[in-house]
$ cat start_6.cif   # mmCIF, C-alpha atoms
data_protein
#
loop_
_atom_site.label_atom_id
_atom_site.label_comp_id
_atom_site.auth_asym_id
_atom_site.auth_seq_id
_atom_site.Cartn_x
_atom_site.Cartn_y
_atom_site.Cartn_z
CA ALA A 1 0.00 0.00 0.00
CA ARG A 2 1.09 3.51 -0.69
CA GLY A 3 2.27 5.44 2.31
CA PRO A 4 1.34 9.02 3.12
CA ARG A 5 2.56 11.65 0.67
CA CYS A 6 5.67 13.43 1.84
CA ARG A 7 5.01 17.12 1.89
CA SER A 8 7.68 19.71 1.32
CA ALA A 9 8.22 22.68 3.57
CA ASP A 10 6.40 24.77 0.95
CA ASP A 11 3.15 22.87 1.72
CA VAL A 12 3.22 22.93 5.51
CA PRO A 13 1.01 25.60 7.08
CA HIS A 14 2.20 27.40 10.18
CA ASP A 15 -0.54 27.98 12.79
CA GLY A 16 -3.14 28.21 10.04
CA LEU A 17 -1.19 30.95 8.26
CA MET A 18 1.04 30.88 5.24
CA ASP A 19 4.48 29.56 6.12
CA LEU A 20 7.08 32.12 5.07
CA ARG A 21 10.08 30.09 6.15
CA PRO A 22 10.74 28.61 2.67
CA TYR A 23 10.87 32.10 1.21
CA ARG A 24 13.16 33.35 3.97
CA ASP A 25 15.45 30.38 3.33
CA VAL A 26 15.57 31.21 -0.39
CA LEU A 27 16.21 34.90 0.23
CA ALA A 28 19.05 33.96 2.57
CA ILE A 29 21.01 32.68 -0.45
CA PRO A 30 23.07 35.64 -1.76
CA ARG A 31 23.04 34.52 -5.40
CA VAL A 32 19.26 34.20 -5.39
CA ARG A 33 18.87 37.68 -3.92
CA GLN A 34 21.19 39.06 -6.57
CA ALA A 35 19.32 37.30 -9.37
CA LEU A 36 15.94 38.56 -8.10
CA LEU A 37 17.24 42.12 -7.84
CA LEU A 38 18.80 41.87 -11.29
CA GLY A 39 15.48 40.62 -12.66
CA VAL A 40 13.70 43.69 -11.29
CA LEU A 41 16.37 46.02 -12.68
CA VAL A 42 16.15 44.43 -16.14
CA ARG A 43 12.37 44.10 -16.35
CA THR A 44 11.40 47.52 -14.97
CA PRO A 45 12.73 49.60 -17.90
CA ILE A 46 11.40 47.01 -20.36
CA ALA A 47 7.96 47.34 -18.76
CA ALA A 48 8.23 51.13 -18.93
CA SER A 49 9.38 51.16 -22.56
CA PHE A 50 6.03 50.11 -24.04
CA ILE A 51 4.00 52.87 -22.44
CA VAL A 52 6.72 55.45 -23.15
CA LEU A 53 6.83 54.32 -26.78
CA THR A 54 3.05 54.66 -27.02
CA LEU A 55 3.09 58.18 -25.59
CA HIS A 56 6.01 59.10 -27.85
CA VAL A 57 4.07 58.14 -30.97
CA VAL A 58 1.02 60.11 -29.81
CA THR A 59 2.69 63.24 -28.42
CA ALA A 60 5.95 63.63 -30.38
CA LEU A 61 4.88 62.14 -33.71
CA HIS A 62 1.27 63.39 -33.43
CA ARG A 63 -0.24 60.05 -34.37
CA THR A 64 -3.30 58.28 -33.00
CA TYR A 65 -3.37 55.72 -30.23
CA GLY A 66 -4.29 53.14 -32.85
CA GLU A 67 -1.09 53.87 -34.75
CA ALA A 68 0.84 53.75 -31.47
CA GLY A 69 -0.67 50.32 -30.95
CA VAL A 70 0.68 49.27 -34.34
CA VAL A 71 4.21 50.19 -33.21
CA THR A 72 4.00 48.29 -29.93
CA ALA A 73 2.31 45.33 -31.65
CA ALA A 74 5.10 45.19 -34.24
CA SER A 75 7.67 45.15 -31.43
CA THR A 76 5.79 42.45 -29.51
CA ILE A 77 5.40 40.24 -32.59
CA ALA A 78 9.10 40.60 -33.40
CA VAL A 79 10.04 39.58 -29.86
CA ALA A 80 7.70 36.57 -30.03
CA VAL A 81 9.07 35.46 -33.40
CA ALA A 82 12.69 35.88 -32.31
CA GLY A 83 12.24 34.20 -28.91
CA PRO A 84 12.90 30.60 -30.01
CA TRP A 85 15.69 31.69 -32.35
CA ARG A 86 17.51 33.77 -29.73
CA GLY A 87 16.93 31.07 -27.12
CA ARG A 88 18.64 28.48 -29.32
CA ILE A 89 21.59 30.83 -29.80
CA VAL A 90 21.94 31.19 -26.02
CA ASP A 91 21.81 27.39 -25.60
CA ARG A 92 24.28 26.65 -28.39
CA ARG A 93 26.74 29.53 -28.21
CA GLY A 94 26.41 30.82 -24.66
CA LEU A 95 25.34 34.16 -23.25
CA ARG A 96 28.39 36.06 -24.45
CA ARG A 97 27.84 35.45 -28.16
CA ALA A 98 24.12 36.01 -27.81
CA PHE A 99 24.27 39.15 -25.69
CA VAL A 100 27.00 41.19 -27.38
CA PRO A 101 25.21 41.55 -30.76
CA SER A 102 21.94 42.23 -28.96
CA LEU A 103 23.51 44.94 -26.81
CA VAL A 104 25.06 46.64 -29.82
CA VAL A 105 21.83 46.47 -31.86
CA THR A 106 19.78 47.73 -28.90
CA ALA A 107 22.16 50.62 -28.34
CA LEU A 108 22.23 51.65 -32.00
CA VAL A 109 18.49 51.31 -32.57
CA TRP A 110 17.35 53.26 -29.52
CA ALA A 111 19.96 55.96 -29.93
CA VAL A 112 18.40 56.75 -33.32
CA ALA A 113 14.75 55.60 -33.18
CA PRO A 114 13.36 58.38 -30.90
CA PHE A 115 14.32 61.00 -33.52
CA LEU A 116 12.79 59.29 -36.57
CA GLY A 117 9.36 59.36 -38.15
CA PHE A 118 6.56 56.84 -37.84
CA LEU A 119 7.48 54.28 -40.51
CA PRO A 120 11.25 54.22 -39.77
CA LEU A 121 10.35 53.83 -36.09
CA ILE A 122 8.32 50.72 -36.86
CA ALA A 123 11.21 49.23 -38.85
CA LEU A 124 13.69 49.86 -36.05
CA VAL A 125 11.49 48.51 -33.23
CA VAL A 126 11.04 45.34 -35.28
CA LEU A 127 14.83 45.08 -35.69
CA ALA A 128 15.34 45.62 -31.95
CA GLY A 129 12.68 43.02 -31.17
CA LEU A 130 14.34 40.44 -33.40
CA PHE A 131 17.59 40.85 -31.45
CA GLN A 132 16.06 40.92 -27.98
CA ILE A 133 17.39 38.30 -25.61
CA PRO A 134 14.79 36.05 -23.89
CA VAL A 135 15.74 37.67 -20.60
CA TRP A 136 12.78 36.20 -18.67
CA GLY A 137 14.02 32.66 -19.23
CA VAL A 138 17.64 33.60 -18.57
CA ILE A 139 16.78 35.21 -15.23
CA ARG A 140 14.77 32.17 -14.18
CA GLN A 141 17.61 29.86 -15.12
CA MET A 142 19.93 31.94 -12.95
CA ILE A 143 17.52 31.67 -10.02
CA LEU A 144 17.04 27.92 -10.43
CA HIS A 145 20.79 27.45 -10.71
CA ALA A 146 21.38 29.35 -7.47
CA ALA A 147 18.58 27.77 -5.41
CA PRO A 148 18.63 24.17 -4.17
CA ALA A 149 16.20 21.79 -5.87
CA GLU A 150 13.87 21.57 -2.87
CA ARG A 151 13.44 25.35 -2.92
CA HIS A 152 12.76 25.81 -6.64
CA ARG A 153 9.03 26.35 -6.12
CA SER A 154 9.61 29.08 -3.56
CA ALA A 155 12.31 30.67 -5.70
CA LEU A 156 10.05 30.81 -8.76
CA SER A 157 7.25 32.25 -6.65
CA LEU A 158 9.55 35.05 -5.51
CA ASP A 159 10.55 35.63 -9.12
CA SER A 160 6.88 36.00 -10.04
CA VAL A 161 6.46 38.57 -7.26
CA ALA A 162 9.54 40.44 -8.50
CA THR A 163 8.11 40.44 -12.04
CA GLU A 164 4.82 41.89 -10.81
CA ILE A 165 6.71 44.62 -8.95
CA ALA A 166 8.59 45.52 -12.13
CA PHE A 167 5.37 45.72 -14.12
CA MET A 168 3.74 47.88 -11.47
CA VAL A 169 6.64 50.30 -11.08
CA GLY A 170 7.84 50.47 -14.70
CA PRO A 171 4.70 51.75 -16.47
CA ALA A 172 3.91 54.18 -13.63
CA VAL A 173 7.38 55.71 -13.76
CA GLY A 174 7.25 55.69 -17.56
CA VAL A 175 3.99 57.64 -17.68
CA LEU A 176 5.23 60.11 -15.08
CA ALA A 177 8.45 60.74 -17.00
CA ALA A 178 6.85 60.86 -20.45
CA THR A 179 4.27 63.43 -19.34
CA ARG A 180 6.87 65.67 -17.72
CA TRP A 181 9.77 65.57 -20.18
CA ASP A 182 10.38 65.14 -23.89
CA THR A 183 9.51 61.56 -24.82
CA ARG A 184 12.60 61.35 -27.03
CA VAL A 185 14.81 61.95 -24.01
CA VAL A 186 12.76 59.56 -21.90
CA LEU A 187 13.07 56.82 -24.52
CA LEU A 188 16.83 57.34 -24.64
CA VAL A 189 17.08 57.05 -20.87
CA VAL A 190 14.75 54.05 -20.59
CA MET A 191 16.40 52.06 -23.36
CA GLY A 192 19.86 53.10 -22.15
CA LEU A 193 18.99 51.69 -18.73
CA THR A 194 17.69 48.55 -20.42
CA ALA A 195 20.96 48.08 -22.33
CA MET A 196 23.04 48.63 -19.21
CA ALA A 197 20.88 46.27 -17.14
CA LEU A 198 21.09 43.58 -19.82
CA SER A 199 24.87 43.95 -19.92
CA VAL A 200 25.01 42.91 -16.26
CA VAL A 201 23.26 39.56 -16.84
CA PRO A 202 26.17 37.73 -18.53
CA GLN A 203 28.63 39.32 -16.11
CA TRP A 204 26.65 37.70 -13.30
CA ARG A 205 27.21 34.42 -15.13
CA ASP A 206 30.92 35.29 -15.55
CA GLU A 207 30.65 35.10 -19.34
CA LEU A 208 30.80 38.74 -20.38
CA THR A 209 33.73 40.98 -19.60
CA ALA A 210 33.44 44.57 -18.47
CA SER A 211 34.91 45.68 -21.80
CA ASP A 212 31.99 44.08 -23.64
CA ALA A 213 29.48 45.95 -21.54
CA LEU A 214 31.49 49.14 -21.95
CA LEU A 215 31.46 48.64 -25.72
CA ALA A 216 27.67 48.63 -25.81
CA CYS A 217 27.47 51.75 -23.64
CA MET A 218 30.05 53.51 -25.84
CA VAL A 219 28.13 52.60 -28.99
CA PHE A 220 24.94 53.95 -27.45
CA ALA A 221 26.63 57.18 -26.36
CA ALA A 222 28.42 57.69 -29.69
CA ALA A 223 25.26 57.14 -31.70
CA ASP A 224 23.33 59.47 -29.41
CA VAL A 225 25.92 62.25 -29.76
CA SER A 226 25.99 61.81 -33.53
CA VAL A 227 22.21 62.06 -33.83
CA ARG A 228 22.02 65.09 -31.57
CA TYR A 229 24.78 66.84 -33.53
CA ARG A 230 22.95 66.29 -36.80
CA LEU A 231 19.68 67.56 -35.31
CA ILE A 232 21.37 70.71 -34.05
CA LYS A 233 23.00 71.34 -37.43
CA ARG A 234 19.67 70.80 -39.20
CA ARG A 235 17.93 73.31 -36.93
CA GLU A 236 20.69 75.89 -37.42
CA SER A 237 20.43 75.58 -41.19
#

$ encode --input "start_6.cif" --output "structure tokens"
Amino acid sequence: ARGPRCRSADDVPHDGLMDLRPYRDVLAIPRVRQALLLGVLVRTPIAASFIVLTLHVVTALHRTYGEAGVVTAASTIAVAVAGPWRGRIVDRRGLRRAFVPSLVVTALVWAVAPFLGFLPLIALVVLAGLFQIPVWGVIRQMILHAAPAERHRSALSLDSVATEIAFMVGPAVGVLAATRWDTRVVLLVVMGLTAMALSVVPQWRDELTASDALLACMVFAAADVSVRYRLIKRRES
């Protein structure tokens, strides 16, 4: 006969209340804490970028919300199409070879895209989406790698909470910034933060050197300066 089912610490109630000990045990692991914090830092600007992009199309490009939806839909579809492809690259070639091209493309695209018209913007957000790393899966792999097997359920639950926090904070901050300052500047800042946060992920896995991350930041800064210089010259002429 089958004996009683062995229950994990995640299932055991404590005085009729939810037992928080499994979560405390997971948070006591430094690498898990770091991965959770990194997940929030990476996901928050990504969550903010969609609402900022929508407001940019409406306020800076003077288009309708329907047309803004076309831009965000194009970006979302590109990310969905590229997900399996980019995931296979990460599995086969490692984070370094997958992240460096993505960081460079992200930096170049978002240093230029905020200053372009509607149709070029769509083309560039599709390009950026095709090169986006499946960061959700990468972060979860980092968490599962750092947590012991018997604490995977608790670790993934904490990751879900961290994701919800990012998607609560990101859009709120994005709307606040986009309604106070020029959306072109806000997009530059948001996507710059995204590129810098993404550059930390492979470093956490000891696969990307500081020079690689610096390269992406330098590309972003150089492209930004070039675009601003051309805009100033165009206005003066």

$ residues_around --input "start_6.cif" --residues "segment 73-84 of chain A" --least-positions-apart "4" --cutoff "6 Å" --atoms "only C-alpha atoms" --output "ChimeraX atom specification"
/A:69,125-126,129-130,134

$ atom_distance --input "start_6.cif" --atom1 "atom CA of Ala48 of chain A" --atom2 "atom CA of Arg86 of chain A"
22.5 Å

$ resolve_selection --input "start_6.cif" --expression "the PyMOL selection byres ((chain A and resi 114) around 9)" --output "list in words"
Leu53, His56, Val109, Trp110, Ala111, Val112, Ala113, Phe115, Leu116, Gly117, Leu121, Thr183, Arg184, Val185, Leu187 and Leu188 of chain A

$ closest_residue --input "start_6.cif" --among "A:Phe118, A:Met196, A:Ala123, A:Arg140" --to "Arg153 of chain A" --atoms "only C-alpha atoms"
A:Arg140

$ resolve_selection --input "start_6.cif" --expression "the PyMOL selection byres ((chain A and resi 159) around 10)" --output "number ranges by chain"
A: 32, 35-37, 39-40, 136, 139-140, 143, 153-158, 160-165

$ write_last_selection --input "start_6.cif" --atoms "C-alpha atoms" --output "compact mmCIF listing (two decimals), in the coordinates of the input"
# COMPACT_ATOMS: atom_id res chain seq x y z
CA VAL A 32 19.26 34.20 -5.39
CA ALA A 35 19.32 37.30 -9.37
CA LEU A 36 15.94 38.56 -8.10
CA LEU A 37 17.24 42.12 -7.84
CA GLY A 39 15.48 40.62 -12.66
CA VAL A 40 13.70 43.69 -11.29
CA TRP A 136 12.78 36.20 -18.67
CA ILE A 139 16.78 35.21 -15.23
CA ARG A 140 14.77 32.17 -14.18
CA ILE A 143 17.52 31.67 -10.02
CA ARG A 153 9.03 26.35 -6.12
CA SER A 154 9.61 29.08 -3.56
CA ALA A 155 12.31 30.67 -5.70
CA LEU A 156 10.05 30.81 -8.76
CA SER A 157 7.25 32.25 -6.65
CA LEU A 158 9.55 35.05 -5.51
CA SER A 160 6.88 36.00 -10.04
CA VAL A 161 6.46 38.57 -7.26
CA ALA A 162 9.54 40.44 -8.50
CA THR A 163 8.11 40.44 -12.04
CA GLU A 164 4.82 41.89 -10.81
CA ILE A 165 6.71 44.62 -8.95

$ resolve_selection --input "start_6.cif" --expression "the PyMOL selection byres ((chain A and resi 55) around 9)" --output "ChimeraX atom specification"
/A:50-54,56-60,65,68,175,178-179,183

$ write_last_selection --input "start_6.cif" --atoms "C-alpha atoms" --output "PDB file, keeping the file's coordinate frame"
ATOM      1  CA  PHE A  50       6.030  50.110 -24.040  1.00  0.00           C
ATOM      2  CA  ILE A  51       4.000  52.870 -22.440  1.00  0.00           C
ATOM      3  CA  VAL A  52       6.720  55.450 -23.150  1.00  0.00           C
ATOM      4  CA  LEU A  53       6.830  54.320 -26.780  1.00  0.00           C
ATOM      5  CA  THR A  54       3.050  54.660 -27.020  1.00  0.00           C
ATOM      6  CA  HIS A  56       6.010  59.100 -27.850  1.00  0.00           C
ATOM      7  CA  VAL A  57       4.070  58.140 -30.970  1.00  0.00           C
ATOM      8  CA  VAL A  58       1.020  60.110 -29.810  1.00  0.00           C
ATOM      9  CA  THR A  59       2.690  63.240 -28.420  1.00  0.00           C
ATOM     10  CA  ALA A  60       5.950  63.630 -30.380  1.00  0.00           C
ATOM     11  CA  TYR A  65      -3.370  55.720 -30.230  1.00  0.00           C
ATOM     12  CA  ALA A  68       0.840  53.750 -31.470  1.00  0.00           C
ATOM     13  CA  VAL A 175       3.990  57.640 -17.680  1.00  0.00           C
ATOM     14  CA  ALA A 178       6.850  60.860 -20.450  1.00  0.00           C
ATOM     15  CA  THR A 179       4.270  63.430 -19.340  1.00  0.00           C
ATOM     16  CA  THR A 183       9.510  61.560 -24.820  1.00  0.00           C
TER      17      THR A 183
END

$ closest_residue --input "start_6.cif" --among "A:His152, A:Thr44, A:Gln132, A:Arg63" --to "Trp85 of chain A" --atoms "only C-alpha atoms"
A:Gln132

$ residues_around --input "start_6.cif" --residues "Ser102 of chain A" --least-positions-apart "3" --cutoff "7 Å" --atoms "only C-alpha atoms" --output "ChimeraX atom specification"
/A:98-99,105-106,131-133

$ atom_distance --input "start_6.cif" --atom1 "atom CA of Arg180 of chain A" --atom2 "atom CA of Ala128 of chain A"
26.0 Å

$ atom_distance --input "start_6.cif" --atom1 "atom CA of Ala146 of chain A" --atom2 "atom CA of Leu41 of chain A"
18.2 Å

$ closest_residue --input "start_6.cif" --among "A:Ala28, A:Ala147, A:Ile46, A:Ile89" --to "Ala195 of chain A" --atoms "all atoms listed in the file"
A:Ile46

$ closest_residue --input "start_6.cif" --among "A:Pro148, A:Val135, A:Arg88, A:Arg43" --to "Asp25 of chain A" --atoms "only C-alpha atoms"
A:Pro148

$ decode --input "start_6.cif" --residues "segment 141-174 of chain A" --atoms "N, CA and C atoms" --output "compact mmCIF listing (two decimals), in the first residue's frame"
# COMPACT_ATOMS: atom_id res chain seq x y z
N GLN A 141 16.54 30.86 -15.17
CA GLN A 141 17.61 29.86 -15.12
C GLN A 141 18.65 30.22 -14.06
N MET A 142 18.97 31.50 -13.96
CA MET A 142 19.93 31.94 -12.95
C MET A 142 19.41 31.65 -11.55
N ILE A 143 18.11 31.90 -11.33
CA ILE A 143 17.52 31.67 -10.02
C ILE A 143 17.50 30.18 -9.69
N LEU A 144 17.10 29.36 -10.66
CA LEU A 144 17.04 27.92 -10.43
C LEU A 144 18.44 27.35 -10.22
N HIS A 145 19.42 27.92 -10.89
CA HIS A 145 20.79 27.45 -10.71
C HIS A 145 21.32 27.78 -9.31
N ALA A 146 20.88 28.92 -8.77
CA ALA A 146 21.38 29.35 -7.47
C ALA A 146 20.65 28.70 -6.31
N ALA A 147 19.38 28.33 -6.51
CA ALA A 147 18.58 27.77 -5.41
C ALA A 147 18.67 26.25 -5.40
N PRO A 148 18.65 25.63 -4.23
CA PRO A 148 18.63 24.17 -4.17
C PRO A 148 17.33 23.62 -4.74
N ALA A 149 17.35 22.38 -5.17
CA ALA A 149 16.20 21.79 -5.87
C ALA A 149 14.93 21.82 -5.03
N GLU A 150 15.07 21.60 -3.72
CA GLU A 150 13.87 21.57 -2.87
C GLU A 150 13.28 22.96 -2.63
N ARG A 151 13.94 23.99 -3.08
CA ARG A 151 13.44 25.35 -2.92
C ARG A 151 13.11 26.01 -4.27
N HIS A 152 13.05 25.24 -5.33
CA HIS A 152 12.76 25.81 -6.64
C HIS A 152 11.37 26.45 -6.70
N ARG A 153 10.38 25.80 -6.08
CA ARG A 153 9.03 26.35 -6.12
C ARG A 153 8.98 27.71 -5.44
N SER A 154 9.59 27.80 -4.28
CA SER A 154 9.61 29.08 -3.56
C SER A 154 10.39 30.13 -4.34
N ALA A 155 11.51 29.73 -4.95
CA ALA A 155 12.31 30.67 -5.70
C ALA A 155 11.55 31.22 -6.90
N LEU A 156 10.82 30.36 -7.61
CA LEU A 156 10.05 30.81 -8.76
C LEU A 156 8.87 31.69 -8.33
N SER A 157 8.32 31.39 -7.16
CA SER A 157 7.25 32.25 -6.65
C SER A 157 7.77 33.66 -6.36
N LEU A 158 8.95 33.74 -5.77
CA LEU A 158 9.55 35.05 -5.51
C LEU A 158 9.88 35.77 -6.81
N ASP A 159 10.29 35.01 -7.82
CA ASP A 159 10.55 35.63 -9.12
C ASP A 159 9.27 36.19 -9.73
N SER A 160 8.16 35.49 -9.54
CA SER A 160 6.88 36.00 -10.04
C SER A 160 6.49 37.29 -9.32
N VAL A 161 6.74 37.35 -8.02
CA VAL A 161 6.46 38.57 -7.26
C VAL A 161 7.34 39.71 -7.77
N ALA A 162 8.63 39.42 -8.00
CA ALA A 162 9.54 40.44 -8.50
C ALA A 162 9.11 40.95 -9.88
N THR A 163 8.60 40.04 -10.72
CA THR A 163 8.11 40.44 -12.04
C THR A 163 6.91 41.37 -11.91
N GLU A 164 5.99 41.04 -11.01
CA GLU A 164 4.82 41.89 -10.81
C GLU A 164 5.23 43.27 -10.31
N ILE A 165 6.22 43.32 -9.44
CA ILE A 165 6.71 44.62 -8.95
C ILE A 165 7.25 45.44 -10.11
N ALA A 166 8.03 44.80 -10.98
CA ALA A 166 8.59 45.52 -12.13
C ALA A 166 7.50 46.06 -13.03
N PHE A 167 6.43 45.28 -13.23
CA PHE A 167 5.37 45.72 -14.12
C PHE A 167 4.38 46.65 -13.44
N MET A 168 4.49 46.83 -12.15
CA MET A 168 3.74 47.88 -11.47
C MET A 168 4.52 49.19 -11.47
N VAL A 169 5.81 49.10 -11.20
CA VAL A 169 6.64 50.30 -11.08
C VAL A 169 6.98 50.87 -12.45
N GLY A 170 7.37 50.01 -13.40
CA GLY A 170 7.84 50.47 -14.70
C GLY A 170 6.86 51.36 -15.45
N PRO A 171 5.64 50.90 -15.74
CA PRO A 171 4.70 51.75 -16.47
C PRO A 171 4.35 53.03 -15.72
N ALA A 172 4.23 52.97 -14.40
CA ALA A 172 3.91 54.18 -13.63
C ALA A 172 5.00 55.23 -13.76
N VAL A 173 6.25 54.78 -13.61
CA VAL A 173 7.38 55.71 -13.76
C VAL A 173 7.47 56.20 -15.20
N GLY A 174 7.20 55.31 -16.15
CA GLY A 174 7.25 55.69 -17.56
C GLY A 174 6.25 56.77 -17.91
